[in-house]
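Data file: target33.pdb. Format and content: PDB, C-alpha atoms and all ligand atoms.
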```
ATOM      1  CA  MET A  30       0.000   0.000   0.000
ATOM      2  CA  SER A  31       1.066   3.555  -0.625
ATOM      3  CA  LEU A  32       1.834   5.877   2.312
ATOM      4  CA  SER A  33      -0.760   8.262   0.971
ATOM      5  CA  THR A  34      -4.489   7.730   1.545
ATOM      6  CA  ARG A  35      -5.058   8.348  -2.192
ATOM      7  CA  SER A  36      -5.287   5.384  -4.532
ATOM      8  CA  ASN A  37      -2.297   4.477  -6.699
ATOM      9  CA  ASP A  38      -4.353   5.301  -9.810
ATOM     10  CA  ASP A  39      -5.122   8.801  -8.509
ATOM     11  CA  ILE A  40      -1.464   9.326  -7.636
ATOM     12  CA  ALA A  41      -0.412   8.163 -11.117
ATOM     13  CA  LYS A  42      -2.907  10.627 -12.662
ATOM     14  CA  THR A  43      -1.415  13.490 -10.640
ATOM     15  CA  GLU A  44       2.119  12.400 -11.610
ATOM     16  CA  ALA A  45       1.160  12.392 -15.307
ATOM     17  CA  GLU A  46      -0.370  15.861 -14.939
ATOM     18  CA  TYR A  47       2.697  17.289 -13.156
ATOM     19  CA  TRP A  48       5.177  15.948 -15.730
ATOM     20  CA  ASN A  49       3.011  16.613 -18.793
ATOM     21  CA  GLU A  50       2.316  20.186 -17.725
ATOM     22  CA  ASN A  51       5.809  20.864 -16.364
ATOM     23  CA  LYS A  52       4.385  22.039 -13.058
ATOM     24  CA  LEU A  53       7.488  21.747 -10.873
ATOM     25  CA  ASP A  54       9.756  24.664 -10.039
ATOM     26  CA  ARG A  55      13.249  23.207  -9.754
ATOM     27  CA  THR A  56      15.336  26.283 -10.610
ATOM     28  CA  LYS A  57      16.843  26.630  -7.138
ATOM     29  CA  ILE A  58      17.612  22.936  -6.608
ATOM     30  CA  LYS A  59      19.096  22.565 -10.098
ATOM     31  CA  LYS A  60      21.656  25.280  -9.300
ATOM     32  CA  LEU A  61      22.545  23.633  -5.998
ATOM     33  CA  ARG A  62      22.861  20.232  -7.666
ATOM     34  CA  ARG A  63      25.320  21.582 -10.219
ATOM     35  CA  HIS A  64      27.631  22.408  -7.278
ATOM     36  CA  SER A  65      26.834  19.598  -4.840
ATOM     37  CA  PHE A  66      26.805  16.783  -7.395
ATOM     38  CA  TYR A  67      29.661  18.003  -9.608
ATOM     39  CA  TYR A  68      32.157  15.444  -8.284
ATOM     40  CA  SER A  69      29.490  12.895  -7.274
ATOM     41  CA  TYR A  70      28.408  12.665 -10.928
ATOM     42  CA  LYS A  71      31.955  11.598 -11.795
ATOM     43  CA  ARG A  72      31.860   8.924  -9.056
ATOM     44  CA  GLU A  73      28.440   7.837 -10.321
ATOM     45  CA  ALA A  74      29.797   7.636 -13.882
ATOM     46  CA  LYS A  75      32.700   5.422 -12.730
ATOM     47  CA  LEU A  76      30.256   3.029 -11.071
ATOM     48  CA  PHE A  77      28.058   2.989 -14.204
ATOM     49  CA  ASP A  78      31.182   2.297 -16.310
ATOM     50  CA  LYS A  79      31.526  -0.938 -14.326
ATOM     51  CA  ILE A  80      27.846  -1.953 -14.219
ATOM     52  CA  ILE A  81      26.235  -0.806 -17.490
ATOM     53  CA  PRO A  82      28.434  -2.962 -19.801
ATOM     54  CA  GLU A  83      26.415  -5.878 -18.325
ATOM     55  CA  PHE A  84      23.452  -4.570 -20.384
ATOM     56  CA  LYS A  85      25.231  -5.742 -23.567
ATOM     57  CA  ASP A  86      22.907  -7.829 -25.759
ATOM     58  CA  GLN A  87      20.331  -7.896 -22.947
ATOM     59  CA  ASN A  88      16.627  -7.181 -22.944
ATOM     60  CA  VAL A  89      16.449  -4.023 -20.843
ATOM     61  CA  LEU A  90      13.490  -2.141 -19.354
ATOM     62  CA  GLU A  91      13.771   1.428 -18.107
ATOM     63  CA  ILE A  92      10.915   2.565 -15.892
ATOM     64  CA  GLY A  93      10.207   6.292 -15.558
ATOM     65  CA  SER A  94      12.297   7.041 -18.624
ATOM     66  CA  HIS A  95      14.205   9.287 -19.801
ATOM     67  CA  SER A  96      17.587   8.891 -18.145
ATOM     68  CA  TRP A  97      18.489   6.004 -20.394
ATOM     69  CA  LEU A  98      20.561   7.869 -22.967
ATOM     70  CA  SER A  99      22.929   9.455 -20.442
ATOM     71  CA  TRP A 100      23.327   6.142 -18.619
ATOM     72  CA  ILE A 101      23.794   3.942 -21.679
ATOM     73  CA  LYS A 102      25.286   6.161 -24.379
ATOM     74  CA  GLY A 103      28.845   5.196 -25.186
ATOM     75  CA  ARG A 104      28.788   2.406 -22.599
ATOM     76  CA  VAL A 105      26.837  -0.405 -24.196
ATOM     77  CA  VAL A 106      24.516  -1.687 -26.922
ATOM     78  CA  PRO A 107      21.612  -3.650 -25.415
ATOM     79  CA  LYS A 108      19.635  -6.149 -27.489
ATOM     80  CA  LYS A 109      16.513  -4.058 -26.975
ATOM     81  CA  LEU A 110      15.634  -1.158 -24.696
ATOM     82  CA  THR A 111      12.001  -0.731 -23.670
ATOM     83  CA  CYS A 112      11.127   2.536 -21.926
ATOM     84  CA  ILE A 113       7.934   3.234 -20.034
ATOM     85  CA  ASN A 114       6.564   6.355 -18.389
ATOM     86  CA  ILE A 115       3.202   7.596 -17.118
ATOM     87  CA  SER A 116       3.815  10.927 -18.908
ATOM     88  CA  GLN A 117       3.746  11.172 -22.706
ATOM     89  CA  VAL A 118       5.810  14.374 -22.546
ATOM     90  CA  GLU A 119       8.568  12.584 -20.626
ATOM     91  CA  LEU A 120       8.362   9.621 -22.987
ATOM     92  CA  ASN A 121       8.657  11.945 -26.009
ATOM     93  CA  LYS A 122      12.027  13.204 -24.719
ATOM     94  CA  GLY A 123      13.293   9.632 -24.944
ATOM     95  CA  ILE A 124      11.742   9.137 -28.396
ATOM     96  CA  ASP A 125      13.549  12.283 -29.625
ATOM     97  CA  ASN A 126      16.837  11.034 -28.187
ATOM     98  CA  ALA A 127      16.372   7.577 -29.685
ATOM     99  CA  LYS A 128      16.913   8.688 -33.283
ATOM    100  CA  ASP A 129      20.063   7.012 -34.620
ATOM    101  CA  VAL A 130      21.008   5.141 -31.412
ATOM    102  CA  GLY A 131      21.751   1.988 -33.376
ATOM    103  CA  PHE A 132      19.727  -0.486 -31.322
ATOM    104  CA  GLU A 133      16.075  -1.433 -31.021
ATOM    105  CA  THR A 134      13.987   0.773 -28.722
ATOM    106  CA  GLU A 135      10.325   0.834 -27.797
ATOM    107  CA  PHE A 136       8.516   3.571 -25.842
ATOM    108  CA  ILE A 137       5.254   2.749 -24.088
ATOM    109  CA  LEU A 138       2.903   4.882 -22.004
ATOM    110  CA  MET A 139       2.479   2.667 -18.926
ATOM    111  CA  ASP A 140       2.073   2.847 -15.167
ATOM    112  CA  ALA A 141       5.117   1.311 -13.449
ATOM    113  CA  ASN A 142       2.893   0.187 -10.577
ATOM    114  CA  LYS A 143       1.105  -2.114 -13.033
ATOM    115  CA  LEU A 144       3.674  -3.370 -15.540
ATOM    116  CA  ALA A 145       1.753  -4.944 -18.406
ATOM    117  CA  PHE A 146       4.566  -7.253 -19.568
ATOM    118  CA  PRO A 147       4.493 -11.050 -19.274
ATOM    119  CA  ASP A 148       6.516 -12.768 -16.517
ATOM    120  CA  ASN A 149      10.251 -13.282 -17.194
ATOM    121  CA  SER A 150      10.408 -10.678 -20.000
ATOM    122  CA  PHE A 151      13.592  -8.760 -19.150
ATOM    123  CA  ASP A 152      17.215  -9.330 -18.116
ATOM    124  CA  ILE A 153      17.568  -5.926 -16.461
ATOM    125  CA  VAL A 154      15.169  -3.297 -15.077
ATOM    126  CA  TYR A 155      16.534   0.105 -14.188
ATOM    127  CA  GLY A 156      15.567   3.709 -13.581
ATOM    128  CA  GLY A 157      16.675   7.089 -12.275
ATOM    129  CA  ALA A 158      14.697   8.801  -9.512
ATOM    130  CA  ILE A 159      11.575   6.720 -10.153
ATOM    131  CA  LEU A 160      10.885   4.223  -7.331
ATOM    132  CA  HIS A 161      10.117   7.071  -4.948
ATOM    133  CA  HIS A 162       7.233   8.122  -7.255
ATOM    134  CA  LEU A 163       5.696   4.653  -6.993
ATOM    135  CA  ASP A 164       4.053   2.315  -4.543
ATOM    136  CA  ILE A 165       7.309   0.594  -3.596
ATOM    137  CA  GLU A 166       5.842  -2.764  -2.638
ATOM    138  CA  GLN A 167       3.595  -3.054  -5.679
ATOM    139  CA  SER A 168       6.130  -1.818  -8.230
ATOM    140  CA  VAL A 169       8.951  -3.955  -6.804
ATOM    141  CA  ASN A 170       6.711  -7.036  -6.995
ATOM    142  CA  HIS A 171       6.022  -6.241 -10.663
ATOM    143  CA  ILE A 172       9.710  -5.637 -11.401
ATOM    144  CA  HIS A 173      10.505  -8.995  -9.781
ATOM    145  CA  ARG A 174       7.800 -10.687 -11.856
ATOM    146  CA  VAL A 175       8.868  -9.291 -15.249
ATOM    147  CA  LEU A 176      12.547 -10.095 -14.634
ATOM    148  CA  LYS A 177      13.970 -13.417 -15.771
ATOM    149  CA  PRO A 178      15.571 -15.667 -13.119
ATOM    150  CA  GLY A 179      18.825 -14.032 -12.031
ATOM    151  CA  GLY A 180      17.680 -10.726 -13.583
ATOM    152  CA  LYS A 181      19.265  -7.490 -12.341
ATOM    153  CA  ILE A 182      18.028  -4.136 -11.044
ATOM    154  CA  LEU A 183      19.786  -0.781 -11.057
ATOM    155  CA  PHE A 184      18.221   2.305  -9.495
ATOM    156  CA  LEU A 185      19.410   5.731  -8.440
ATOM    157  CA  GLU A 186      17.074   7.192  -5.816
ATOM    158  CA  PRO A 187      16.875  10.164  -3.433
ATOM    159  CA  LEU A 188      16.760   9.415   0.301
ATOM    160  CA  ASN A 189      14.725  11.028   3.051
ATOM    161  CA  MET A 190      16.282   9.857   6.316
ATOM    162  CA  ASN A 191      18.359  12.885   7.263
ATOM    163  CA  PRO A 192      16.201  15.276   9.378
ATOM    164  CA  LEU A 193      17.703  18.287   7.561
ATOM    165  CA  TYR A 194      16.576  17.022   4.148
ATOM    166  CA  LYS A 195      13.130  16.288   5.570
ATOM    167  CA  LEU A 196      12.936  19.902   6.708
ATOM    168  CA  TYR A 197      14.214  21.194   3.355
ATOM    169  CA  ARG A 198      11.574  19.134   1.522
ATOM    170  CA  MET A 199       8.817  20.424   3.764
ATOM    171  CA  LEU A 200       9.867  24.007   3.056
ATOM    172  CA  ASN A 201      10.262  23.535  -0.717
ATOM    173  CA  LYS A 202       7.144  21.661  -1.779
ATOM    174  CA  LYS A 203       7.061  23.159  -5.310
ATOM    175  CA  GLU A 204      10.177  21.166  -6.238
ATOM    176  CA  ARG A 205       8.362  17.856  -5.865
ATOM    177  CA  THR A 206       5.186  16.114  -6.949
ATOM    178  CA  PRO A 207       2.684  15.912  -4.057
ATOM    179  CA  ASP A 208       2.915  12.152  -3.463
ATOM    180  CA  GLU A 209       6.569  11.422  -4.057
ATOM    181  CA  HIS A 210       8.412   9.965  -1.082
ATOM    182  CA  ALA A 211      12.218   9.784  -1.186
ATOM    183  CA  LEU A 212      13.282   6.408   0.191
ATOM    184  CA  VAL A 213      13.521   5.546   3.878
ATOM    185  CA  HIS A 214      14.784   2.484   5.711
ATOM    186  CA  LYS A 215      11.559   0.490   5.362
ATOM    187  CA  ASP A 216      11.610   0.886   1.560
ATOM    188  CA  PHE A 217      14.999  -0.825   1.473
ATOM    189  CA  LYS A 218      13.495  -3.621   3.562
ATOM    190  CA  LEU A 219      10.679  -4.023   1.005
ATOM    191  CA  ILE A 220      13.147  -4.169  -1.888
ATOM    192  CA  ARG A 221      15.227  -6.726   0.037
ATOM    193  CA  LYS A 222      12.235  -9.108   0.141
ATOM    194  CA  ASN A 223      12.623  -9.669  -3.613
ATOM    195  CA  PHE A 224      16.221  -8.726  -4.363
ATOM    196  CA  THR A 225      19.712  -9.032  -2.977
ATOM    197  CA  PHE A 226      21.580  -5.784  -3.598
ATOM    198  CA  ASP A 227      24.538  -3.566  -2.881
ATOM    199  CA  HIS A 228      23.995   0.120  -2.302
ATOM    200  CA  TYR A 229      26.302   3.067  -2.776
ATOM    201  CA  PHE A 230      25.633   6.290  -0.898
ATOM    202  CA  PHE A 231      26.151   9.785  -2.304
ATOM    203  CA  ASP A 232      25.953  13.356  -1.048
ATOM    204  CA  PHE A 233      25.976  14.355   2.566
ATOM    205  CA  PHE A 234      28.858  16.817   2.996
ATOM    206  CA  THR A 235      28.522  17.831  -0.672
ATOM    207  CA  VAL A 236      25.071  19.245   0.080
ATOM    208  CA  PHE A 237      26.622  21.685   2.560
ATOM    209  CA  THR A 238      29.809  22.415   0.611
ATOM    210  CA  GLY A 239      27.592  22.882  -2.472
ATOM    211  CA  LEU A 240      25.527  25.489  -0.619
ATOM    212  CA  ILE A 241      28.689  27.398   0.378
ATOM    213  CA  SER A 242      30.115  27.092  -3.116
ATOM    214  CA  LEU A 243      26.853  28.311  -4.724
ATOM    215  CA  LYS A 244      26.804  31.300  -2.368
ATOM    216  CA  LEU A 245      30.432  32.191  -3.186
ATOM    217  CA  TYR A 246      30.549  31.506  -6.931
ATOM    218  CA  GLY A 247      26.925  31.718  -8.086
ATOM    219  CA  ASP A 248      25.831  29.388 -10.883
ATOM    220  CA  LYS A 249      29.369  28.717 -12.223
ATOM    221  CA  ASN A 250      32.788  27.310 -11.254
ATOM    222  CA  TYR A 251      31.366  24.025  -9.895
ATOM    223  CA  GLY A 252      34.678  22.153  -9.962
ATOM    224  CA  ASN A 253      36.263  24.028  -7.083
ATOM    225  CA  TRP A 254      38.154  22.946  -3.939
ATOM    226  CA  ILE A 255      35.108  23.445  -1.675
ATOM    227  CA  ASN A 256      33.009  20.936  -3.621
ATOM    228  CA  LYS A 257      35.986  18.613  -3.935
ATOM    229  CA  THR A 258      36.481  18.629  -0.138
ATOM    230  CA  GLY A 259      32.811  17.715   0.394
ATOM    231  CA  TYR A 260      33.131  14.940  -2.152
ATOM    232  CA  HIS A 261      36.213  13.406  -0.461
ATOM    233  CA  LEU A 262      34.515  13.562   2.949
ATOM    234  CA  ASP A 263      31.483  11.773   1.455
ATOM    235  CA  VAL A 264      33.573   9.015  -0.096
ATOM    236  CA  PHE A 265      35.198   8.404   3.288
ATOM    237  CA  PHE A 266      32.063   8.571   5.467
ATOM    238  CA  SER A 267      29.875   6.588   3.036
ATOM    239  CA  LYS A 268      31.946   3.545   4.033
ATOM    240  CA  ILE A 269      30.459   3.678   7.559
ATOM    241  CA  PRO A 270      27.053   1.906   7.448
ATOM    242  CA  PHE A 271      25.442   3.585  10.460
ATOM    243  CA  LEU A 272      25.966   6.990   8.800
ATOM    244  CA  HIS A 273      24.104   6.035   5.612
ATOM    245  CA  PHE A 274      20.926   7.740   6.804
ATOM    246  CA  LEU A 275      22.709  11.104   6.461
ATOM    247  CA  PHE A 276      23.163  10.784   2.696
ATOM    248  CA  ALA A 277      20.913  12.291   0.008
ATOM    249  CA  ARG A 278      21.047   9.655  -2.744
ATOM    250  CA  ALA A 279      21.778   5.971  -3.225
ATOM    251  CA  ILE A 280      22.483   3.665  -6.137
ATOM    252  CA  ILE A 281      20.891   0.256  -5.687
ATOM    253  CA  TYR A 282      22.350  -2.537  -7.783
ATOM    254  CA  GLY A 283      20.925  -5.994  -7.232
ATOM    255  CA  LYS A 284      19.743  -9.385  -8.385
ATOM    256  CA  LYS A 285      16.361 -11.124  -8.371
ATOM    257  CA  LYS A 286      15.995 -13.645  -5.513
TER     258      LYS A 286
HETATM  259  C1  LIG A 301      12.123  12.585 -11.098
HETATM  260  S1  LIG A 301      11.527  12.129 -12.693
HETATM  261  C2  LIG A 301      12.878  11.144 -13.274
HETATM  262  C3  LIG A 301      12.937  11.125 -14.764
HETATM  263  C4  LIG A 301      14.151  10.405 -15.340
HETATM  264  N1  LIG A 301      14.173   9.001 -14.965
HETATM  265  C5  LIG A 301      15.428  11.075 -14.934
HETATM  266  O1  LIG A 301      16.294  10.432 -14.335
HETATM  267  O2  LIG A 301      15.581  12.269 -15.231
HETATM  268  C6  LIG A 301      10.283  10.931 -12.286
HETATM  269  C7  LIG A 301       9.659  10.290 -13.521
HETATM  270  O3  LIG A 301       8.768   9.268 -13.091
HETATM  271  C8  LIG A 301       7.638   9.272 -13.957
HETATM  272  N2  LIG A 301       6.546   8.588 -13.238
HETATM  273  C9  LIG A 301       5.893   9.004 -12.133
HETATM  274  N3  LIG A 301       4.962   8.102 -11.760
HETATM  275  C10 LIG A 301       5.036   7.086 -12.642
HETATM  276  C11 LIG A 301       4.325   5.856 -12.790
HETATM  277  N4  LIG A 301       3.350   5.493 -11.936
HETATM  278  N5  LIG A 301       4.686   5.045 -13.813
HETATM  279  C12 LIG A 301       5.648   5.382 -14.696
HETATM  280  N6  LIG A 301       6.347   6.549 -14.609
HETATM  281  C13 LIG A 301       6.050   7.385 -13.599
HETATM  282  C14 LIG A 301       7.412  10.748 -14.209
HETATM  283  O4  LIG A 301       6.606  10.981 -15.324
HETATM  284  C15 LIG A 301       8.851  11.236 -14.369
HETATM  285  O5  LIG A 301       9.275  11.113 -15.703
END
```
Structure translated into C-alpha cells:
Amino acid sequence: MSLSTRSNDDIAKTEAEYWNENKLDRTKIKKLRRHSFYYSYKREAKLFDKIIPEFKDQNVLEIGSHSWLSWIKGRVVPKKLTCINISQVELNKGIDNAKDVGFETEFILMDANKLAFPDNSFDIVYGGAILHHLDIEQSVNHIHRVLKPGGKILFLEPLNMNPLYKLYRMLNKKERTPDEHALVHKDFKLIRKNFTFDHYFFDFFTVFTGLISLKLYGDKNYGNWINKTGYHLDVFFSKIPFLHFLFARAIIYGKKK
C-alpha cells in the first residue's frame, strides 16, 4: 500500500499531470545540484562504467524514462531497450533522443505500478529517480515478476532519512510532486524481500559544501576545492554503514531472488 491515503491510480494521474504540464519549479535545486553533485556525478559515472556494460545484448526495461541515454550512451549496446513512463511528454524526450542510437527501442505509455509485460520478459530493469514516485511494494513485486531468473536491477534514488533534508523538503514543496516519497529504511526492507543488492551512498557533505560554493561563486565554477572537499569527505564517510541515513542519494544494484 502507498503511504498516501489516495489510490495508486489517482497518484499516477497526478504524476502524469505534473510531468506533462511541467508544473514543478526546480530552478533553485538545479543550481545547488550543479555544485553539490559536480564530483558525485563523476563517481556515479565510474560506477556505471563498471555496471552498465552488463546490459550488452540484454533485454532491458527502463521505468520512468528518460535517463536512459545518459546512462547507456557510449557504454553499451543492449539487445533491446524498452522505456515506459506515465507521462507522454517525458516519454517523447526519450523518443527524440532515440533517433540514430543503433539499437532497437520501444517507448510505451504505462504505469510502473502495473507493468503490463508477461513474466520473465527482461534481463535488467533500471531507472533514475523513479521508485520514490511509486508504490514501492507493488512496483517492486512487478519488477521482480517481469525479470527473468537471475535478472538485475539498477536504481538511483533520493533518500529522506536525514532530518535536515526532511525539513528542506517540507519548506520547498514546489520542487516535488505531491505524493513522491524519497526512500527511507523500510523501503529498502521491502526491496530486500525480492532482491539481494549492494547500495552506494552519495551526497551528505557535498550538500553543505555545495551550498557554500553556490553562495560564493553563483551558478558557475562548480569544480572548485570546496566541492571537492565535500566529495572526499562523502567518499570516506559513506563507508560507515550507520551513517548512511545522512546521505541524500543511493544507487541500488541488485539481483532477483
Ligand atoms: C524525477 S523524474 C525522473 C525522470 C528520469 N528518470 C530522470 O532520471 O531524469 C520521475 C519520472 O517518473 C515518472 N513517473 C511518475 N509516476 C510514474 C508511474 N506510476 N509510472 C511510470 N512513470 C512514472 C514521471 O513521469 C517522471 O518522468
Go through A:Glu119, A:Ile153, A:Leu90, A:Thr34 and flag the residue nearest Glu135 in chain A, using all atoms listed in the file for the distances.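 Closest to Glu135 in chain A of all the choices is A:Leu90.
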Given the PyMOL selection byres (((not hetatm)) within 9 of (chain A and resi 301)) and the file above, list the residues it selects as number ranges by chain. A: 37-38, 40-49, 91-97, 113-120, 138-144, 156-164, 168, 185, 205-206, 209
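In terms of minimum interatomic distance to His261 in chain A, A:Phe231 ranks closest within A:Tyr282, A:Ser242, A:Phe274, A:Phe231, counting all atoms listed in the file.
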Point-to-point distance in Å for CA of Phe66 in chain A and CA of Ile241 in chain A: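 Between CA of Ile241 in chain A and CA of Phe66 in chain A the gap works out to 13.3 Å.
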Expanded to explicit residues, what is the PyMOL selection byres (((chain A and resi 226) around 8) and not hetatm) for this file, as a compact mmCIF listing (two decimals) with C-alpha atoms, in the frame of the given file?
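Saved as selection_27.txt:
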```
# COMPACT_ATOMS: atom_id res chain seq x y z
CA ARG A 221 15.23 -6.73 0.04
CA PHE A 224 16.22 -8.73 -4.36
CA THR A 225 19.71 -9.03 -2.98
CA ASP A 227 24.54 -3.57 -2.88
CA HIS A 228 24.00 0.12 -2.30
CA ILE A 281 20.89 0.26 -5.69
CA TYR A 282 22.35 -2.54 -7.78
CA GLY A 283 20.92 -5.99 -7.23
CA LYS A 284 19.74 -9.38 -8.38
```
Among listed residues A:Asp125, A:Asp148, A:Glu133, A:Glu166, nearest Val106 in chain A (using all atoms listed in the file):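 Of the candidates, the smallest distance to Val106 in chain A is held by A:Glu133.
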Option closest in space to Lys128 in chain A, from A:Phe146, A:Asn191, A:Asn250, A:Leu98 [counting all atoms listed in the file]: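 Of A:Phe146, A:Asn191, A:Asn250, A:Leu98, the one nearest Lys128 in chain A is A:Leu98, counting all atoms listed in the file.
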Taking into account all atoms listed in the file, which residue in the set A:Phe136, A:Phe84, A:Tyr197, A:Phe237 is nearest to Ile182 in chain A? A:Phe84
